[in-house]
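Down below is the structure, laid out as structure tokens.
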Amino acid sequence: MSKRQPTLLIVVPLGWAPLWTGPLASAPVRLNVAVHGRDDYRPQDVDYVLSFRPPPGLLKTFSNLKAVFSLGAGVDGFLADPEYPRHVPLVRFVHPQLSIEMAQYVVMHTLIFHRHQDVFDSAQKEHKWRQMMLPRPTDRTRIGILGFGEIGQLAGARLRDLGFPVAGWSRSRKQVDGIESFAGQEEFDAFLARTDILICLLPLTPQTRGILNARTFARLPEGAMVMNVARGGHLNETDLIAALDSGHLAGAVLDVFQSEPLPEDSPLWAHPRVRVTPHIAAISDPAVTVDMVLSGIGRAERGEPLDNVVDVSRGY
Ligand code: NAP
């Protein structure tokens with residue numbers, strides 16, 4: 001008797017589903033593909049799920065679920081569900097292209113801030129030839145990367161190569177050429193005290209939620225900049241605005257927000273020292289995602305271990 005063809009359920013906003021159903025339709029594999037909210041399916045037939053932020057309680061209804069694939073590097077959208085089936089392997093998206101694009105975003109916004117590009121942008125609008133020296137030289141502009149993993153280490157290396165003194169903060173100590181490593185809560189304040197540009201690349205977990213807050217900002221040197229490219233839940237937006245308005249922080253770059261899309265009436269949109277981008281620092285390429293999911297399903301069907309499985313107890 002031939003083996004039952006496995007079923008992959010895609011759980012995304014309906015308009016987005018063709019991004020993945022398109023490449024899946026032309027893939028030479030035996031796989032049933034269903035889209036949650038569009039297609040009929042029986043919960044007990046779902047073997048695999050591809051999603052980013054599934055509705056809470058949905059995944060626990062799939063009694064034969066073998067693995068869950070995240071569309072993103074972060075898996076907080078799954079673990080926010082108190083009923084997430086924690087025994088099912090949760091695979092996060094890890095790919096060099098994603099890390100490269102994240103590092104590009106970080107480098108670009110670091111340089112825009114460091115080189116005072118906004119001054120030249122407004123001078124051009126006024127047809128003004130406004131020359132100035134860099135107020136702070138590169139070798140005295142200290143970068144601090146919160147979350148020194150896949151993406152943090154690549155971004156850190158790129159900034160180090162541009163001549164910035166770079167440090168990374170993580171749970172465990174790291175050995176990366178030319179980059180200072182700070183580890184654990186006990187070294188957090190020392191890390192902040194030596195950081196002029198703070199870049200958040202942490203996973204969102206109960207330990208890191210709200211880490212960008214008034215206490216953290218107060219420990220940064222006056223005139224520091226904060227960049228959040230991780231998750232909106234890391235940042236206390238009210239504390240950020242207060243620190244900017246007091247003059248303690250000189251700027252902020254935000255790609256992620258407590259509420260997305262960022263509400264039209266958010267004060268962040270028009271704040272003169274805030275740059276807003278709509279969660280686009282890096283977006284997983286659908287064709288690459290489909291390749292990774294198919295390779296993962298192949299491994300699971302052959303009984304082989306999966307790559308990039310999240311430690312659910314740790315939250316990342
Ligand atoms: P990763 O490889 O898992 O790295 C996470 C890093 O954070 C590790 O160095 C880890 O320390 C550290 N960490 C975790 N909890 C900590 C804690 N309580 N205290 C100190 N350090 C802690 O993750 P990644 O692939 O670099 O991705 C990082 C995050 O970027 C994702 O979770 C996602 O939220 C975000 N992201 C955003 C976008 C976007 O478009 N804006 C795109 C992709 C990713 P250890 O090394 O010691 O374990």
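Naming works like this for the structure tokens: A, B, ... for the chains as they're shown, residue 1 at the start of each chain, ligands 1 onward in shown order.
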Problem set entry | Given 6 Å and only C-alpha atoms and all ligand atoms, residues near ligand 1 as JSON, numbers by chain | {"A": [73, 74, 147, 148, 149, 150, 151, 152, 169, 170, 171, 172, 184, 201, 202, 203, 204, 207, 208, 229, 230, 231, 255, 279, 280, 281, 282, 283, 316]}
Take the residues that were just selected and, keeping N, CA, C and O atoms, output them as a CSV table (one decimal), in the first residue's frame.
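result.csv, freshly written:
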```
chain,number,residue,atom,x,y,z
A,73,ALA,N,12.8,34.5,11.0
A,73,ALA,CA,13.8,34.0,11.9
A,73,ALA,C,13.3,34.0,13.4
A,73,ALA,O,13.8,33.1,14.2
A,74,GLY,N,12.4,34.9,13.7
A,74,GLY,CA,11.9,34.9,15.1
A,74,GLY,C,10.6,34.0,15.2
A,74,GLY,O,9.8,33.9,14.2
A,147,GLY,N,21.9,40.9,21.4
A,147,GLY,CA,21.6,39.7,20.6
A,147,GLY,C,22.6,39.4,19.6
A,147,GLY,O,22.6,40.0,18.5
A,148,PHE,N,23.6,38.6,20.0
A,148,PHE,CA,24.8,38.4,19.2
A,148,PHE,C,24.8,37.0,18.6
A,148,PHE,O,25.7,36.2,18.8
A,149,GLY,N,23.7,36.7,17.8
A,149,GLY,CA,23.5,35.4,17.2
A,149,GLY,C,23.8,35.5,15.7
A,149,GLY,O,24.7,36.2,15.2
A,150,GLU,N,23.0,34.7,14.9
A,150,GLU,CA,23.3,34.7,13.4
A,150,GLU,C,23.4,36.1,12.8
A,150,GLU,O,24.3,36.4,12.1
A,151,ILE,N,22.3,36.9,13.0
A,151,ILE,CA,22.3,38.2,12.4
A,151,ILE,C,23.2,39.2,13.1
A,151,ILE,O,23.9,39.9,12.4
A,152,GLY,N,23.1,39.2,14.4
A,152,GLY,CA,23.9,40.2,15.2
A,152,GLY,C,25.4,40.0,14.9
A,152,GLY,O,26.1,41.1,14.7
A,169,TRP,N,26.2,41.7,22.9
A,169,TRP,CA,25.7,41.2,24.2
A,169,TRP,C,24.8,39.9,23.9
A,169,TRP,O,24.0,40.0,23.1
A,170,SER,N,25.1,38.9,24.6
A,170,SER,CA,24.4,37.6,24.4
A,170,SER,C,24.3,36.9,25.8
A,170,SER,O,24.8,37.4,26.8
A,171,ARG,N,23.6,35.7,25.8
A,171,ARG,CA,23.6,35.0,27.0
A,171,ARG,C,24.9,34.3,27.3
A,171,ARG,O,25.4,34.3,28.4
A,172,SER,N,25.5,33.7,26.2
A,172,SER,CA,26.8,33.1,26.4
A,172,SER,C,27.9,33.9,25.7
A,172,SER,O,27.6,34.7,24.8
A,184,GLY,N,25.4,38.0,29.6
A,184,GLY,CA,24.5,37.9,30.7
A,184,GLY,C,24.1,39.2,31.4
A,184,GLY,O,24.7,40.2,31.1
A,201,LEU,N,18.9,43.2,18.2
A,201,LEU,CA,18.7,42.0,17.4
A,201,LEU,C,18.4,40.8,18.2
A,201,LEU,O,18.9,39.7,17.9
A,202,LEU,N,17.7,41.0,19.3
A,202,LEU,CA,17.4,39.9,20.2
A,202,LEU,C,16.1,39.2,19.7
A,202,LEU,O,15.2,39.8,19.1
A,203,PRO,N,16.0,37.9,20.1
A,203,PRO,CA,14.6,37.3,19.9
A,203,PRO,C,13.7,37.8,21.0
A,203,PRO,O,14.2,38.2,22.1
A,204,LEU,N,12.4,37.8,20.7
A,204,LEU,CA,11.4,38.3,21.7
A,204,LEU,C,11.1,37.1,22.6
A,204,LEU,O,10.4,36.1,22.2
A,207,GLN,N,12.2,37.1,28.8
A,207,GLN,CA,13.4,37.8,29.4
A,207,GLN,C,13.7,39.1,28.6
A,207,GLN,O,14.3,40.0,29.2
A,208,THR,N,13.4,39.1,27.3
A,208,THR,CA,13.9,40.3,26.6
A,208,THR,C,12.7,41.3,26.3
A,208,THR,O,13.0,42.4,25.8
A,229,VAL,N,15.5,46.5,15.4
A,229,VAL,CA,15.2,45.7,14.2
A,229,VAL,C,14.7,44.3,14.5
A,229,VAL,O,14.7,43.4,13.7
A,230,ALA,N,14.4,44.1,15.8
A,230,ALA,CA,14.1,42.8,16.3
A,230,ALA,C,12.6,42.6,16.3
A,230,ALA,O,12.0,42.1,15.4
A,231,ARG,N,11.9,43.0,17.4
A,231,ARG,CA,10.5,42.9,17.5
A,231,ARG,C,10.0,44.1,18.3
A,231,ARG,O,10.6,44.6,19.2
A,255,ASP,N,12.1,49.6,12.9
A,255,ASP,CA,11.6,48.8,11.8
A,255,ASP,C,10.4,48.0,12.3
A,255,ASP,O,9.6,47.4,11.5
A,279,HIS,N,8.6,47.3,8.9
A,279,HIS,CA,9.0,45.9,9.2
A,279,HIS,C,9.5,45.2,7.8
A,279,HIS,O,9.0,44.2,7.4
A,280,ILE,N,10.5,45.9,7.3
A,280,ILE,CA,11.1,45.4,6.0
A,280,ILE,C,12.6,45.2,6.0
A,280,ILE,O,13.2,45.1,5.0
A,281,ALA,N,13.2,45.2,7.2
A,281,ALA,CA,14.6,45.2,7.3
A,281,ALA,C,15.1,44.0,6.5
A,281,ALA,O,16.1,44.1,5.7
A,282,ALA,N,14.4,42.9,6.5
A,282,ALA,CA,14.7,41.7,5.7
A,282,ALA,C,13.4,40.9,5.6
A,282,ALA,O,12.8,40.6,6.6
A,283,ILE,N,13.1,40.4,4.4
A,283,ILE,CA,11.9,39.6,4.3
A,283,ILE,C,12.3,38.3,3.7
A,283,ILE,O,13.1,38.3,2.7
A,316,TYR,N,13.8,30.7,21.8
A,316,TYR,CA,14.4,31.1,20.6
A,316,TYR,C,15.3,30.0,20.0
A,316,TYR,O,15.6,29.0,20.8
```
For this session: Please identify all polymer residues within 9 Å of Arg219 (chain A), counting only C-alpha atoms, omitting same-chain residues fewer than 5 positions from it, and present them as a list in words.
Result: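 Result of the neighbour search: Asp189, Ala190, Leu192, Ala193 and Ala214 of chain A.
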Seminar exercise, completed: Asn64 (chain A) proximity check over A:Tyr84, A:Phe182, A:Phe191, A:Tyr48, using only C-alpha atoms: winner is A:Tyr48
Exercise. Between A:Pro6, A:Gly163, A:Gly37, A:Gly72, which one has atoms that come closest to Asp139 (chain A), using only C-alpha atoms?
Worked result: A:Gly163
Exercise. Counting only C-alpha atoms, what is within 10 Å of Asp45 (chain A), bar same-chain residues fewer than 3 positions away, as a list of chain:residue names?
Worked result: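 Returned residues: A:Arg4, A:Gln5, A:Pro6, A:Thr7, A:Leu8, A:Leu9, A:Asn32, A:Tyr41, A:Arg42, A:Tyr48, A:Phe62, A:Ser63, A:Asn64, A:Leu65.
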Sorted by chain and rising residue number, which residues of region 197-268 of chain A lie within 8 Å of region 103-127 of chain A, and what are their closest atom pairs and distances in Å to one decimal, counting only C-alpha atoms, as a tab-separated table?
```
residue	atom	partner	partner_atom	distance
A:Ile197	CA	A:Thr110	CA	7.6
A:Ile199	CA	A:Val106	CA	7.8
A:Gly251	CA	A:Phe113	CA	7.9
A:Val253	CA	A:His109	CA	7.3
```
For this session: Would you mind reading off the distance between CA of Leu134 (chain A) and CA of Arg275 (chain A), one decimal, in Å?
Result: 20.2 Å
Exercise. Neighbours of Val91 (chain A) within 7 Å (only C-alpha atoms; same-chain residues fewer than 4 positions away dropped), as a PyMOL selection string?
Worked result: chain A and resi 68-70+308-310
For this session: Name the residues of region 43-163 of chain A that come out as strand (DSSP E or B) in a backbone DSSP run; write them as a PyMOL selection string.
Result: chain A and resi 48-51+67-70+90-91+143-146
Save the residues we just selected, all heavy atoms, as a short mmCIF file (atom, residue, chain, number, x, y, z; two decimals), in the first residue's frame?
```cif
data_model
loop_
_atom_site.label_atom_id
_atom_site.label_comp_id
_atom_site.auth_asym_id
_atom_site.auth_seq_id
_atom_site.Cartn_x
_atom_site.Cartn_y
_atom_site.Cartn_z
N TYR A 48 2.07 19.23 8.43
CA TYR A 48 3.04 20.32 8.55
C TYR A 48 2.31 21.66 8.44
O TYR A 48 1.30 21.75 7.73
CB TYR A 48 4.10 20.23 7.44
CG TYR A 48 4.83 18.91 7.47
CD1 TYR A 48 4.49 17.88 6.59
CD2 TYR A 48 5.84 18.67 8.40
CE1 TYR A 48 5.13 16.65 6.65
CE2 TYR A 48 6.50 17.45 8.46
CZ TYR A 48 6.13 16.45 7.58
OH TYR A 48 6.77 15.24 7.66
N VAL A 49 2.86 22.66 9.11
CA VAL A 49 2.28 24.02 9.03
C VAL A 49 3.40 24.99 8.67
O VAL A 49 4.53 24.87 9.16
CB VAL A 49 1.64 24.42 10.38
CG1 VAL A 49 1.39 25.92 10.45
CG2 VAL A 49 0.31 23.68 10.59
N LEU A 50 3.07 25.94 7.79
CA LEU A 50 3.97 27.06 7.47
C LEU A 50 3.23 28.33 7.87
O LEU A 50 2.11 28.58 7.39
CB LEU A 50 4.28 27.07 5.96
CG LEU A 50 5.08 28.26 5.44
CD1 LEU A 50 6.47 28.31 6.07
CD2 LEU A 50 5.22 28.19 3.91
N SER A 51 3.83 29.13 8.75
CA SER A 51 3.12 30.32 9.23
C SER A 51 4.11 31.30 9.85
O SER A 51 5.33 31.05 9.88
CB SER A 51 2.06 29.90 10.27
OG SER A 51 1.24 30.99 10.61
N ALA A 67 5.69 18.80 12.20
CA ALA A 67 6.63 19.93 12.32
C ALA A 67 5.94 21.21 11.90
O ALA A 67 5.00 21.21 11.10
CB ALA A 67 7.87 19.71 11.44
N VAL A 68 6.45 22.31 12.45
CA VAL A 68 5.93 23.64 12.14
C VAL A 68 7.10 24.46 11.60
O VAL A 68 8.19 24.46 12.19
CB VAL A 68 5.35 24.30 13.41
CG1 VAL A 68 4.93 25.74 13.13
CG2 VAL A 68 4.16 23.50 13.93
N PHE A 69 6.89 25.12 10.46
CA PHE A 69 7.94 25.94 9.85
C PHE A 69 7.57 27.42 9.99
O PHE A 69 6.46 27.81 9.62
CB PHE A 69 8.10 25.58 8.37
CG PHE A 69 8.56 24.16 8.16
CD1 PHE A 69 7.63 23.13 7.97
CD2 PHE A 69 9.91 23.85 8.19
CE1 PHE A 69 8.06 21.82 7.80
CE2 PHE A 69 10.34 22.54 8.02
CZ PHE A 69 9.41 21.52 7.83
N SER A 70 8.53 28.20 10.48
CA SER A 70 8.30 29.64 10.63
C SER A 70 8.75 30.36 9.37
O SER A 70 9.82 30.06 8.83
CB SER A 70 9.10 30.16 11.83
OG SER A 70 9.07 31.56 11.85
N LEU A 90 9.64 23.03 16.08
CA LEU A 90 9.37 24.35 15.48
C LEU A 90 10.66 24.79 14.80
O LEU A 90 11.70 24.94 15.46
CB LEU A 90 8.95 25.32 16.59
CG LEU A 90 8.78 26.79 16.22
CD1 LEU A 90 7.78 26.98 15.08
CD2 LEU A 90 8.31 27.59 17.44
N VAL A 91 10.60 24.95 13.47
CA VAL A 91 11.80 25.23 12.68
C VAL A 91 11.78 26.71 12.30
O VAL A 91 10.80 27.19 11.72
CB VAL A 91 11.79 24.37 11.38
CG1 VAL A 91 12.98 24.72 10.50
CG2 VAL A 91 11.78 22.89 11.73
N ILE A 143 29.60 50.88 18.80
CA ILE A 143 28.35 50.18 18.46
C ILE A 143 28.14 49.05 19.47
O ILE A 143 29.09 48.32 19.80
CB ILE A 143 28.46 49.52 17.06
CG1 ILE A 143 29.00 50.50 16.03
CG2 ILE A 143 27.14 48.86 16.67
CD1 ILE A 143 28.03 51.36 15.35
N GLY A 144 26.91 48.88 19.92
CA GLY A 144 26.59 47.76 20.82
C GLY A 144 25.43 46.97 20.23
O GLY A 144 24.38 47.54 19.93
N ILE A 145 25.65 45.68 20.04
CA ILE A 145 24.60 44.86 19.43
C ILE A 145 23.99 43.94 20.49
O ILE A 145 24.67 43.08 21.06
CB ILE A 145 25.17 44.04 18.25
CG1 ILE A 145 25.72 45.03 17.22
CG2 ILE A 145 24.08 43.15 17.65
CD1 ILE A 145 26.17 44.45 15.92
N LEU A 146 22.72 44.17 20.75
CA LEU A 146 21.96 43.35 21.71
C LEU A 146 21.48 42.12 20.96
O LEU A 146 20.69 42.25 20.02
CB LEU A 146 20.71 44.10 22.16
CG LEU A 146 20.81 45.18 23.20
CD1 LEU A 146 19.43 45.84 23.39
CD2 LEU A 146 21.28 44.60 24.51
#
```
Exercise. Do you have the CA of His248 (chain A)-CA of Pro261 (chain A) distance handy?
Worked result: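 Between CA of His248 (chain A) and CA of Pro261 (chain A) the gap works out to 27.6 Å.
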Problem set entry | Shell around Gly156 (chain A) at 8 Å using only C-alpha atoms, local window under 5 positions removed, as a list of chain:residue names |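 Non-adjacent residues within range: A:Ile145, A:Val166, A:Ala167, A:Gly168, A:Ile179.
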Exercise. Please, what distance in Å, to one decimal, runs between CA of Thr277 (chain A) and CA of Val256 (chain A)?
Worked result: 7.7 Å
For this session: Go through A:Val276, A:Leu162, A:Asp245, A:Gln258 and flag the residue nearest Met227 (chain A), using only C-alpha atoms for the distances.
Result: A:Val276
For this session: Give me every helix (DSSP H, G or I) residue in region 9-245 of chain A, going by DSSP on the backbone, as a ChimeraX atom specification.
Result: /A:14-16,18-25,43-45,59-61,76-79,96-114,117-125,138-140,150-161,185-193,214-219,232-234,237-245
Problem set entry | Residues within 10 Å of Asp307 (chain A), only C-alpha atoms, excluding chain neighbours under 3 positions, as number ranges by chain | A: 89-94, 292, 295-296, 299, 304, 310
Write the selection just made, keeping C-alpha atoms, as an mmCIF file, in the first residue's frame?
```
data_model
loop_
_atom_site.group_PDB
_atom_site.id
_atom_site.type_symbol
_atom_site.label_atom_id
_atom_site.label_comp_id
_atom_site.auth_asym_id
_atom_site.auth_seq_id
_atom_site.Cartn_x
_atom_site.Cartn_y
_atom_site.Cartn_z
ATOM 1 C CA PRO A 89 9.461 20.650 16.366
ATOM 2 C CA LEU A 90 9.366 24.347 15.482
ATOM 3 C CA VAL A 91 11.796 25.234 12.677
ATOM 4 C CA ARG A 92 12.870 28.852 12.273
ATOM 5 C CA PHE A 93 14.005 30.523 9.048
ATOM 6 C CA VAL A 94 17.791 30.801 8.935
ATOM 7 C CA MET A 292 13.726 24.997 2.893
ATOM 8 C CA SER A 295 13.794 19.904 2.293
ATOM 9 C CA GLY A 296 12.581 19.888 5.930
ATOM 10 C CA ARG A 299 13.924 14.963 6.176
ATOM 11 C CA GLU A 304 15.953 12.388 9.819
ATOM 12 C CA VAL A 310 13.979 26.160 18.156
#
```
Exercise. For Leu268 (chain A), which residue among A:Ser313, A:Gln97, A:Thr141, A:Thr238 is the nearest when counting only C-alpha atoms?
Worked result: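 Looking at the shortest contact to Leu268 (chain A), the residue is A:Thr238.
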